[in-house]
$ cat model_23.txt   # compact mmCIF, N, CA and C atoms
# COMPACT_ATOMS: atom_id res chain seq x y z
N MET A 1 -85.73 -168.32 -73.80
CA MET A 1 -84.40 -168.16 -73.36
C MET A 1 -83.41 -168.32 -74.52
N ALA A 2 -83.68 -169.19 -75.43
CA ALA A 2 -82.82 -169.38 -76.59
C ALA A 2 -82.80 -168.14 -77.46
N ASP A 3 -83.96 -167.46 -77.54
CA ASP A 3 -84.01 -166.22 -78.32
C ASP A 3 -83.11 -165.14 -77.69
N VAL A 4 -83.10 -165.10 -76.37
CA VAL A 4 -82.29 -164.11 -75.67
C VAL A 4 -80.81 -164.40 -75.92
N ARG A 5 -80.42 -165.68 -75.87
CA ARG A 5 -79.03 -166.05 -76.12
C ARG A 5 -78.62 -165.70 -77.55
N ARG A 6 -79.50 -165.93 -78.49
CA ARG A 6 -79.22 -165.59 -79.88
C ARG A 6 -79.05 -164.08 -80.05
N GLN A 7 -79.90 -163.31 -79.41
CA GLN A 7 -79.81 -161.86 -79.49
C GLN A 7 -78.52 -161.35 -78.83
N VAL A 8 -78.17 -161.97 -77.68
CA VAL A 8 -76.92 -161.58 -77.00
C VAL A 8 -75.74 -161.90 -77.90
N ALA A 9 -75.73 -163.06 -78.53
CA ALA A 9 -74.64 -163.43 -79.43
C ALA A 9 -74.59 -162.51 -80.63
N THR A 10 -75.75 -162.15 -81.17
CA THR A 10 -75.80 -161.23 -82.31
C THR A 10 -75.27 -159.86 -81.89
N ASN A 11 -75.69 -159.40 -80.72
CA ASN A 11 -75.22 -158.09 -80.22
C ASN A 11 -73.72 -158.12 -79.93
N ALA A 12 -73.23 -159.23 -79.39
CA ALA A 12 -71.79 -159.33 -79.11
C ALA A 12 -70.99 -159.26 -80.41
N THR A 13 -71.48 -159.95 -81.44
CA THR A 13 -70.81 -159.90 -82.74
C THR A 13 -70.84 -158.48 -83.31
N ALA A 14 -71.99 -157.81 -83.19
CA ALA A 14 -72.12 -156.44 -83.69
C ALA A 14 -71.20 -155.50 -82.93
N ILE A 15 -71.09 -155.70 -81.60
CA ILE A 15 -70.22 -154.85 -80.79
C ILE A 15 -68.76 -155.06 -81.18
N LYS A 16 -68.33 -156.30 -81.40
CA LYS A 16 -66.96 -156.58 -81.83
C LYS A 16 -66.67 -155.94 -83.19
N THR A 17 -67.66 -156.02 -84.08
CA THR A 17 -67.49 -155.40 -85.41
C THR A 17 -67.32 -153.89 -85.27
N LEU A 18 -68.17 -153.27 -84.46
CA LEU A 18 -68.08 -151.82 -84.25
C LEU A 18 -66.77 -151.43 -83.56
N GLU A 19 -66.35 -152.26 -82.60
CA GLU A 19 -65.10 -152.00 -81.90
C GLU A 19 -63.92 -152.04 -82.87
N GLY A 20 -63.92 -152.98 -83.79
CA GLY A 20 -62.87 -153.06 -84.80
C GLY A 20 -62.88 -151.84 -85.72
N ARG A 21 -64.06 -151.42 -86.10
CA ARG A 21 -64.16 -150.23 -86.97
C ARG A 21 -63.70 -148.97 -86.23
N ILE A 22 -64.08 -148.86 -84.96
CA ILE A 22 -63.67 -147.70 -84.17
C ILE A 22 -62.15 -147.67 -84.02
N ASN A 23 -61.55 -148.85 -83.75
CA ASN A 23 -60.09 -148.92 -83.64
C ASN A 23 -59.41 -148.50 -84.94
N THR A 24 -59.99 -148.94 -86.07
CA THR A 24 -59.44 -148.55 -87.37
C THR A 24 -59.53 -147.04 -87.56
N VAL A 25 -60.65 -146.45 -87.20
CA VAL A 25 -60.83 -144.99 -87.32
C VAL A 25 -59.84 -144.27 -86.40
N ASN A 26 -59.66 -144.78 -85.18
CA ASN A 26 -58.72 -144.15 -84.25
C ASN A 26 -57.28 -144.21 -84.78
N GLN A 27 -56.90 -145.33 -85.35
CA GLN A 27 -55.56 -145.44 -85.93
C GLN A 27 -55.36 -144.47 -87.08
N GLU A 28 -56.37 -144.38 -87.92
CA GLU A 28 -56.30 -143.45 -89.06
C GLU A 28 -56.23 -142.00 -88.56
N GLN A 29 -57.00 -141.70 -87.53
CA GLN A 29 -57.00 -140.35 -86.96
C GLN A 29 -55.62 -140.02 -86.37
N SER A 30 -55.01 -140.98 -85.70
CA SER A 30 -53.66 -140.76 -85.16
C SER A 30 -52.65 -140.52 -86.28
N ARG A 31 -52.76 -141.29 -87.35
CA ARG A 31 -51.86 -141.10 -88.49
C ARG A 31 -52.05 -139.72 -89.10
N LEU A 32 -53.31 -139.30 -89.22
CA LEU A 32 -53.59 -137.98 -89.79
C LEU A 32 -53.06 -136.86 -88.88
N ARG A 33 -53.16 -137.06 -87.56
CA ARG A 33 -52.61 -136.05 -86.64
C ARG A 33 -51.10 -135.92 -86.82
N ARG A 34 -50.42 -137.06 -86.95
CA ARG A 34 -48.96 -137.02 -87.18
C ARG A 34 -48.65 -136.31 -88.49
N ASP A 35 -49.44 -136.60 -89.53
CA ASP A 35 -49.22 -135.95 -90.82
C ASP A 35 -49.44 -134.45 -90.72
N VAL A 36 -50.48 -134.03 -90.01
CA VAL A 36 -50.76 -132.60 -89.85
C VAL A 36 -49.63 -131.92 -89.08
N THR A 37 -49.13 -132.59 -88.04
CA THR A 37 -48.03 -132.03 -87.25
C THR A 37 -46.78 -131.86 -88.13
N GLU A 38 -46.49 -132.87 -88.94
CA GLU A 38 -45.33 -132.79 -89.85
C GLU A 38 -45.51 -131.68 -90.88
N GLN A 39 -46.71 -131.58 -91.44
CA GLN A 39 -46.97 -130.52 -92.41
C GLN A 39 -46.84 -129.15 -91.78
N LYS A 40 -47.27 -129.00 -90.53
CA LYS A 40 -47.16 -127.72 -89.84
C LYS A 40 -45.69 -127.35 -89.64
N LYS A 41 -44.87 -128.33 -89.28
CA LYS A 41 -43.43 -128.06 -89.12
C LYS A 41 -42.83 -127.61 -90.44
N GLN A 42 -43.19 -128.30 -91.52
CA GLN A 42 -42.66 -127.93 -92.84
C GLN A 42 -43.14 -126.54 -93.24
N THR A 43 -44.40 -126.24 -92.99
CA THR A 43 -44.95 -124.93 -93.33
C THR A 43 -44.26 -123.83 -92.53
N ASP A 44 -44.03 -124.08 -91.25
CA ASP A 44 -43.33 -123.09 -90.42
C ASP A 44 -41.91 -122.86 -90.95
N GLY A 45 -41.23 -123.93 -91.35
CA GLY A 45 -39.90 -123.79 -91.93
C GLY A 45 -39.92 -122.99 -93.22
N LEU A 46 -40.90 -123.26 -94.06
CA LEU A 46 -41.01 -122.51 -95.32
C LEU A 46 -41.31 -121.04 -95.07
N ARG A 47 -42.16 -120.77 -94.08
CA ARG A 47 -42.45 -119.37 -93.75
C ARG A 47 -41.20 -118.65 -93.27
N LYS A 48 -40.40 -119.32 -92.45
CA LYS A 48 -39.16 -118.73 -91.96
C LYS A 48 -38.21 -118.44 -93.13
N ASP A 49 -38.08 -119.41 -94.03
CA ASP A 49 -37.21 -119.22 -95.20
C ASP A 49 -37.71 -118.09 -96.08
N LEU A 50 -39.02 -118.01 -96.27
CA LEU A 50 -39.60 -116.94 -97.08
C LEU A 50 -39.35 -115.58 -96.44
N LYS A 51 -39.48 -115.51 -95.14
CA LYS A 51 -39.23 -114.24 -94.44
C LYS A 51 -37.77 -113.81 -94.62
N GLN A 52 -36.84 -114.76 -94.48
CA GLN A 52 -35.43 -114.44 -94.67
C GLN A 52 -35.16 -114.00 -96.11
N THR A 53 -35.81 -114.64 -97.06
CA THR A 53 -35.62 -114.27 -98.46
C THR A 53 -36.14 -112.87 -98.72
N ARG A 54 -37.29 -112.55 -98.15
CA ARG A 54 -37.82 -111.18 -98.32
C ARG A 54 -36.89 -110.15 -97.71
N GLU A 55 -36.38 -110.45 -96.52
CA GLU A 55 -35.45 -109.51 -95.88
C GLU A 55 -34.20 -109.34 -96.72
N MET A 56 -33.69 -110.45 -97.25
CA MET A 56 -32.48 -110.39 -98.08
C MET A 56 -32.75 -109.59 -99.36
N ALA A 57 -33.92 -109.80 -99.94
CA ALA A 57 -34.27 -109.06 -101.16
C ALA A 57 -34.34 -107.57 -100.88
N ALA A 58 -34.75 -107.19 -99.69
CA ALA A 58 -34.81 -105.77 -99.34
C ALA A 58 -33.42 -105.21 -99.07
N LEU A 59 -32.52 -106.02 -98.54
CA LEU A 59 -31.18 -105.55 -98.21
C LEU A 59 -30.23 -105.49 -99.40
N MET A 60 -30.38 -106.42 -100.31
CA MET A 60 -29.42 -106.52 -101.41
C MET A 60 -29.23 -105.23 -102.20
N PRO A 61 -30.28 -104.53 -102.60
CA PRO A 61 -30.03 -103.28 -103.35
C PRO A 61 -29.27 -102.25 -102.52
N LEU A 62 -29.49 -102.23 -101.21
CA LEU A 62 -28.76 -101.28 -100.37
C LEU A 62 -27.29 -101.65 -100.25
N LEU A 63 -27.01 -102.94 -100.22
CA LEU A 63 -25.64 -103.40 -100.04
C LEU A 63 -24.80 -103.32 -101.32
N THR A 64 -25.46 -103.41 -102.46
CA THR A 64 -24.72 -103.49 -103.71
C THR A 64 -24.77 -102.20 -104.52
N GLN A 65 -25.20 -101.10 -103.93
CA GLN A 65 -25.23 -99.84 -104.66
C GLN A 65 -23.81 -99.36 -104.96
N PRO A 66 -23.50 -99.15 -106.21
CA PRO A 66 -22.15 -98.67 -106.54
C PRO A 66 -22.02 -97.17 -106.24
N LYS A 67 -20.81 -96.75 -105.97
CA LYS A 67 -20.52 -95.33 -105.75
C LYS A 67 -20.40 -94.67 -107.12
N SER A 68 -21.00 -93.52 -107.24
CA SER A 68 -20.91 -92.80 -108.51
C SER A 68 -20.58 -91.34 -108.25
N VAL A 69 -19.96 -90.72 -109.25
CA VAL A 69 -19.62 -89.30 -109.18
C VAL A 69 -20.01 -88.64 -110.50
N VAL A 70 -20.16 -87.32 -110.44
CA VAL A 70 -20.45 -86.55 -111.65
C VAL A 70 -19.15 -85.84 -112.05
N LEU A 71 -18.77 -86.00 -113.32
CA LEU A 71 -17.52 -85.39 -113.79
C LEU A 71 -17.66 -83.88 -113.81
N SER A 72 -16.63 -83.20 -113.29
CA SER A 72 -16.67 -81.73 -113.25
C SER A 72 -16.06 -81.12 -114.51
N ARG A 73 -15.32 -81.94 -115.28
CA ARG A 73 -14.75 -81.43 -116.54
C ARG A 73 -14.73 -82.56 -117.56
N ASP A 74 -14.50 -82.21 -118.80
CA ASP A 74 -14.44 -83.20 -119.87
C ASP A 74 -13.22 -84.10 -119.68
N VAL A 75 -13.44 -85.41 -119.82
CA VAL A 75 -12.32 -86.35 -119.77
C VAL A 75 -11.84 -86.60 -121.19
N ASP A 76 -12.73 -86.84 -122.08
CA ASP A 76 -12.44 -86.91 -123.51
C ASP A 76 -13.77 -86.68 -124.22
N SER A 77 -13.80 -86.91 -125.49
CA SER A 77 -15.02 -86.62 -126.25
C SER A 77 -16.18 -87.53 -125.85
N LEU A 78 -15.89 -88.69 -125.28
CA LEU A 78 -16.95 -89.61 -124.88
C LEU A 78 -17.51 -89.31 -123.49
N LEU A 79 -16.74 -88.61 -122.65
CA LEU A 79 -17.18 -88.32 -121.29
C LEU A 79 -17.16 -86.81 -121.04
N PRO A 80 -18.20 -86.11 -121.41
CA PRO A 80 -18.24 -84.67 -121.18
C PRO A 80 -18.52 -84.35 -119.71
N ALA A 81 -18.28 -83.14 -119.31
CA ALA A 81 -18.55 -82.70 -117.94
C ALA A 81 -20.03 -82.92 -117.64
N GLY A 82 -20.33 -83.30 -116.39
CA GLY A 82 -21.71 -83.55 -115.98
C GLY A 82 -22.14 -85.00 -116.15
N THR A 83 -21.28 -85.83 -116.75
CA THR A 83 -21.62 -87.24 -116.92
C THR A 83 -21.45 -87.96 -115.59
N LYS A 84 -22.43 -88.81 -115.26
CA LYS A 84 -22.35 -89.59 -114.03
C LYS A 84 -21.64 -90.90 -114.35
N VAL A 85 -20.58 -91.21 -113.58
CA VAL A 85 -19.80 -92.44 -113.80
C VAL A 85 -19.71 -93.23 -112.49
N VAL A 86 -19.59 -94.55 -112.63
CA VAL A 86 -19.43 -95.42 -111.48
C VAL A 86 -17.95 -95.50 -111.14
N VAL A 87 -17.64 -95.41 -109.84
CA VAL A 87 -16.26 -95.38 -109.38
C VAL A 87 -16.01 -96.59 -108.48
N ASP A 88 -14.87 -97.25 -108.68
CA ASP A 88 -14.48 -98.35 -107.81
C ASP A 88 -13.92 -97.76 -106.53
N ASN A 89 -14.52 -98.11 -105.39
CA ASN A 89 -14.05 -97.55 -104.13
C ASN A 89 -13.07 -98.47 -103.41
N ASN A 90 -12.67 -99.57 -104.04
CA ASN A 90 -11.70 -100.53 -103.48
C ASN A 90 -12.11 -101.08 -102.12
N ASP A 91 -13.40 -101.10 -101.84
CA ASP A 91 -13.88 -101.67 -100.59
C ASP A 91 -14.29 -103.11 -100.86
N ILE A 92 -13.36 -104.03 -100.64
CA ILE A 92 -13.59 -105.43 -100.97
C ILE A 92 -14.64 -106.06 -100.07
N PHE A 93 -14.75 -105.60 -98.83
CA PHE A 93 -15.73 -106.18 -97.92
C PHE A 93 -17.16 -105.85 -98.33
N SER A 94 -17.37 -104.66 -98.87
CA SER A 94 -18.71 -104.33 -99.38
C SER A 94 -19.05 -105.21 -100.57
N SER A 95 -18.04 -105.55 -101.35
CA SER A 95 -18.28 -106.44 -102.48
C SER A 95 -18.57 -107.86 -102.03
N MET A 96 -17.95 -108.29 -100.94
CA MET A 96 -18.12 -109.65 -100.45
C MET A 96 -19.35 -109.81 -99.56
N LEU A 97 -19.86 -108.71 -98.99
CA LEU A 97 -20.96 -108.80 -98.05
C LEU A 97 -22.18 -109.54 -98.61
N PRO A 98 -22.64 -109.23 -99.82
CA PRO A 98 -23.78 -109.99 -100.34
C PRO A 98 -23.52 -111.49 -100.43
N MET A 99 -22.30 -111.87 -100.85
CA MET A 99 -21.98 -113.30 -100.92
C MET A 99 -21.94 -113.92 -99.54
N MET A 100 -21.43 -113.19 -98.57
CA MET A 100 -21.37 -113.70 -97.21
C MET A 100 -22.77 -113.89 -96.65
N LEU A 101 -23.66 -112.95 -96.93
CA LEU A 101 -25.03 -113.07 -96.43
C LEU A 101 -25.78 -114.21 -97.09
N LEU A 102 -25.58 -114.39 -98.37
CA LEU A 102 -26.28 -115.46 -99.07
C LEU A 102 -25.65 -116.82 -98.86
N GLY A 103 -24.33 -116.88 -98.77
CA GLY A 103 -23.65 -118.17 -98.72
C GLY A 103 -23.17 -118.56 -97.35
N GLY A 104 -23.34 -117.74 -96.35
CA GLY A 104 -22.85 -118.06 -95.02
C GLY A 104 -21.59 -117.29 -94.71
N SER A 105 -21.34 -117.07 -93.44
CA SER A 105 -20.23 -116.22 -93.04
C SER A 105 -18.98 -116.99 -92.66
N GLY A 106 -19.11 -118.28 -92.42
CA GLY A 106 -17.97 -119.04 -91.94
C GLY A 106 -17.91 -119.07 -90.43
N PHE A 107 -18.74 -118.29 -89.78
CA PHE A 107 -18.76 -118.24 -88.32
C PHE A 107 -19.97 -118.93 -87.74
N THR A 108 -20.64 -119.76 -88.51
CA THR A 108 -21.89 -120.37 -88.07
C THR A 108 -21.64 -121.54 -87.16
N GLY A 109 -21.16 -121.76 -86.19
CA GLY A 109 -20.88 -122.89 -85.36
C GLY A 109 -21.33 -124.25 -85.85
N GLY A 110 -22.47 -124.37 -86.49
CA GLY A 110 -22.94 -125.68 -86.90
C GLY A 110 -22.23 -126.24 -88.10
N GLY A 111 -21.74 -125.40 -88.96
CA GLY A 111 -21.08 -125.87 -90.18
C GLY A 111 -22.08 -126.38 -91.18
N SER A 112 -21.64 -126.56 -92.39
CA SER A 112 -22.53 -127.09 -93.41
C SER A 112 -21.87 -128.30 -94.04
N SER A 113 -22.69 -129.16 -94.57
CA SER A 113 -22.15 -130.40 -95.12
C SER A 113 -21.46 -130.18 -96.45
N ASP A 114 -21.79 -129.11 -97.17
CA ASP A 114 -21.16 -128.90 -98.48
C ASP A 114 -19.92 -128.02 -98.41
N GLY A 115 -19.59 -127.50 -97.24
CA GLY A 115 -18.37 -126.71 -97.08
C GLY A 115 -18.47 -125.29 -97.61
N SER A 116 -19.66 -124.80 -97.93
CA SER A 116 -19.79 -123.47 -98.51
C SER A 116 -19.41 -122.37 -97.52
N ASP A 117 -19.68 -122.57 -96.22
CA ASP A 117 -19.32 -121.57 -95.23
C ASP A 117 -17.80 -121.39 -95.18
N ASN A 118 -17.07 -122.47 -95.18
CA ASN A 118 -15.62 -122.41 -95.12
C ASN A 118 -15.05 -121.80 -96.39
N LEU A 119 -15.63 -122.11 -97.54
CA LEU A 119 -15.16 -121.56 -98.80
C LEU A 119 -15.36 -120.05 -98.84
N THR A 120 -16.51 -119.58 -98.42
CA THR A 120 -16.78 -118.14 -98.41
C THR A 120 -15.82 -117.42 -97.48
N MET A 121 -15.61 -117.97 -96.29
CA MET A 121 -14.71 -117.33 -95.35
C MET A 121 -13.29 -117.33 -95.87
N MET A 122 -12.88 -118.39 -96.53
CA MET A 122 -11.54 -118.45 -97.10
C MET A 122 -11.38 -117.36 -98.17
N MET A 123 -12.41 -117.16 -98.99
CA MET A 123 -12.35 -116.12 -100.03
C MET A 123 -12.22 -114.74 -99.39
N VAL A 124 -12.98 -114.49 -98.34
CA VAL A 124 -12.93 -113.18 -97.67
C VAL A 124 -11.54 -112.96 -97.07
N MET A 125 -11.00 -113.97 -96.44
CA MET A 125 -9.68 -113.81 -95.82
C MET A 125 -8.60 -113.59 -96.89
N MET A 126 -8.67 -114.30 -97.99
CA MET A 126 -7.68 -114.14 -99.07
C MET A 126 -7.74 -112.72 -99.62
N LEU A 127 -8.95 -112.23 -99.86
CA LEU A 127 -9.10 -110.88 -100.39
C LEU A 127 -8.65 -109.83 -99.40
N ALA A 128 -8.92 -110.04 -98.12
CA ALA A 128 -8.53 -109.08 -97.09
C ALA A 128 -7.01 -108.98 -97.00
N PHE A 129 -6.33 -110.11 -97.02
CA PHE A 129 -4.88 -110.10 -96.88
C PHE A 129 -4.17 -109.75 -98.18
N SER A 130 -4.83 -109.87 -99.29
CA SER A 130 -4.16 -109.55 -100.57
C SER A 130 -4.03 -108.04 -100.75
N LYS A 131 -4.76 -107.23 -100.04
CA LYS A 131 -4.71 -105.77 -100.17
C LYS A 131 -3.58 -105.15 -99.33
N ARG A 132 -2.95 -105.95 -98.49
CA ARG A 132 -1.89 -105.40 -97.61
C ARG A 132 -0.59 -105.25 -98.32

$ encode --input "model_23.txt" --output "structure tokens"
Amino acid sequence: MADVRRQVATNATAIKTLEGRINTVNQEQSRLRRDVTEQKKQTDGLRKDLKQTREMAALMPLLTQPKSVVLSRDVDSLLPAGTKVVVDNNDIFSSMLPMMLLGGSGFTGGGSSDGSDNLTMMMVMMLAFSKR
């Protein structure tokens, strides 16, 4: 009977040891799950930002193409007929559009902490009213 009690005590100690190790593994597993969830959120955010950057990179050349014309006659000795020249079309909004897209439009309801949305919108309004 004493042998049985000793074995039961030994087994109880072993079970407590295993229970402690299992609890430690479970805690570590929970921490790792939280870390994986956080990393997934960050990765999703980076993917979204990358997608927006790619879209912006595709749009920028279309938005910033200057207007050009071919001269029909000689202007002087430096500009003979047939020369292609860039012409200012006085369209201030086309000039501001890339800045508005990159820096914010000023109409974003949430606002930004650095005030860049308000600054961009103020620049657009000043330029719009200065042409009148």

$ atom_distance --input "model_23.txt" --atom1 "atom C of Val36 of chain A" --atom2 "atom N of Thr53 of chain A"
23.5 Å

$ residues_near_point --input "model_23.txt" --point "(-20.3, -86.9, -113.3)" --cutoff "6 Å" --atoms "only C-alpha atoms" --output "ChimeraX atom specification"
/A:69-71,82-85

$ atom_distance --input "model_23.txt" --atom1 "atom CA of Val4 of chain A" --atom2 "atom CA of Thr17 of chain A"
19.7 Å

$ atom_distance --input "model_23.txt" --atom1 "atom N of Asn90 of chain A" --atom2 "atom N of Lys67 of chain A"
8.8 Å

$ select_by_dssp --input "model_23.txt" --residues "segment 36-83 of chain A" --states "helix (DSSP H, G or I)" --output "number ranges by chain"
A: 36-63
